[in-house]
Structure formats: structure tokens, C-alpha cells
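Below is the file entry13.cif, which contains mmCIF, C-alpha atoms and all ligand atoms.
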data_start
#
loop_
_atom_site.label_atom_id
_atom_site.label_comp_id
_atom_site.auth_asym_id
_atom_site.auth_seq_id
_atom_site.Cartn_x
_atom_site.Cartn_y
_atom_site.Cartn_z
CA MET A 17 269.64 203.79 40.08
CA PHE A 18 272.25 201.32 38.84
CA TYR A 19 271.76 198.98 35.93
CA VAL A 20 273.47 196.28 33.89
CA LYS A 21 273.78 196.86 30.13
CA THR A 22 274.62 194.05 27.75
CA SER A 23 275.16 194.82 24.09
CA PHE A 24 274.28 192.17 21.54
CA GLY A 25 275.41 194.32 18.61
CA TYR A 26 271.90 194.75 17.23
CA ALA A 27 270.42 195.80 20.57
CA ASP A 28 271.31 196.66 24.16
CA VAL A 29 269.54 195.03 27.08
CA VAL A 30 269.33 197.23 30.16
CA THR A 31 268.27 195.82 33.52
CA GLU A 32 267.95 197.87 36.68
CA ILE A 33 269.80 196.40 39.65
CA HIS A 34 267.73 195.89 42.78
CA CYS A 35 268.28 193.84 45.91
CA ASP A 36 265.98 191.11 44.56
CA ASN A 37 267.29 190.63 41.01
CA VAL A 38 271.00 189.96 41.50
CA PHE A 39 272.11 186.34 41.58
CA THR A 40 275.25 184.26 41.80
CA ARG A 41 276.01 180.55 41.96
CA CYS A 42 277.54 178.70 44.87
CA PRO A 43 281.03 177.68 43.66
CA GLU A 44 280.70 174.28 45.36
CA CYS A 45 277.26 172.99 44.37
CA GLY A 46 276.11 175.43 41.68
CA SER A 47 272.94 176.49 43.52
CA GLU A 48 271.55 179.85 42.43
CA LEU A 49 271.63 182.40 45.25
CA ASN A 50 269.90 185.77 45.47
CA VAL A 51 272.46 188.38 46.51
CA ASP A 52 272.02 191.81 48.05
CA LEU A 53 275.06 193.61 46.60
CA ALA A 54 274.84 196.37 49.22
CA GLU A 55 275.25 193.75 51.93
CA VAL A 56 278.09 191.92 50.13
CA PHE A 57 280.07 195.11 49.59
CA SER A 58 279.27 196.70 52.95
CA ASP A 59 282.58 195.61 54.49
CA GLY A 60 284.60 197.16 51.64
CA ASP A 61 286.59 193.97 51.11
CA ALA A 62 284.74 192.41 48.15
CA ASP A 63 284.86 192.84 44.40
CA LEU A 64 282.70 191.65 41.51
CA GLU A 65 285.36 189.44 39.91
CA SER A 66 286.74 187.40 42.79
CA THR A 67 284.06 187.38 45.47
CA SER A 68 282.05 184.19 45.75
CA ILE A 69 279.26 183.26 48.09
CA ILE A 70 278.83 179.74 49.40
CA CYS A 71 275.26 178.55 49.99
CA SER A 72 274.02 177.68 53.47
CA ALA A 73 274.08 173.91 52.79
CA CYS A 74 277.72 173.98 51.66
CA THR A 75 278.64 176.26 54.58
CA LYS A 76 277.02 173.78 56.96
CA ARG A 77 278.84 170.88 55.27
CA ARG A 78 282.18 172.74 55.56
CA MET A 79 281.61 173.45 59.25
CA THR A 80 280.65 169.82 59.90
CA ASN A 81 283.75 168.58 58.08
CA LYS A 82 285.97 170.93 60.10
CA ALA A 83 284.37 169.74 63.34
CA VAL A 84 285.00 166.10 62.34
CA GLN A 85 288.63 166.85 61.40
CA ARG A 86 289.28 168.40 64.83
CA ARG A 87 288.29 165.26 66.70
ZN ZN B 101 276.45 175.15 47.71
#
Mind turning this structure into C-alpha cells?
Amino acid sequence: MFYVKTSFGYADVVTEIHCDNVFTRCPECGSELNVDLAEVFSDGDADLESTSIICSACTKRRMTNKAVQRR
């Protein structure tokens, strides 16, 4: 079992980490995304500080923009 512990000085808050209670925000639109850390780190090329995950809508918009630029 892994958990996150945050100390507020007067108390510590401990939260177990599961595949359904880890979230991040899309760096482009700010949407909250549920993240399965095991999946994110499965390729061994990610880290907690610099890895970001782009939501499906922004991914679709990026792909559309690239397709338009190629024409
Ligand atoms: Zn987004």
C-alpha cells in the first residue's frame, strides 16, 4: 500500500493511493483527469515532477491542428 502524507503542523493527513483517487490537470485546458499511476509509469520514462497528461479533447485538437498544418 502506498499513501500520500501531508503535514499541516498540527496534524498529518494520510491518503491511500489507489487507481481511482489520483488526479492531475490537463496543462492546456485545466480539466481534471483521473490517472492510473501504474499505467503512467509502466514505460519507465515518466516522473512525478515533469510528466503531464493532456486530456482527450486537447489531444484531438492538437491532432486536428497538425493535420491542418500539413495541408
Ligand atoms: Zn485539455
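With a cut-off of 8 Å and using all atoms listed in the file, the polymer residues contacting ligand ZN 101 (chain B) are Arg41, Cys42, Pro43, Glu44, Cys45, Gly46, Ser47, Ile70, Cys71, Ser72, Ala73, Cys74 and Thr75 of chain A.
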*Would you work out the distance separating CA of Val38 in chain A from CA of Leu53 in chain A, expressed in Å to one decimal?*
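Between these atoms lies a distance of 7.5 Å.
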*Which residue gives the smallest distance to Thr40 in chain A among A:Glu55, A:Tyr19, A:Gly60, A:Ile69, with all atoms listed in the file counted?*
A:Ile69
*Straight-line distance linking CA of Ser23 in chain A with CA of Cys35 in chain A, stated in Å to one decimal*: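 One can read the CA of Ser23 in chain A to CA of Cys35 in chain A distance as 22.9 Å.
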*asked:* Can you measure CA of Val51 in chain A to CA of Met79 in chain A for me? One decimal in Å is fine.
replied: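 Computed distance, CA of Val51 in chain A to CA of Met79 in chain A, equals 21.7 Å.
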_Neighbour list for Thr31 in chain A as number ranges by chain, cut-off 10 Å, all atoms listed in the file, skip fewer than 4 positions in-chain_ = A: 18-22, 37
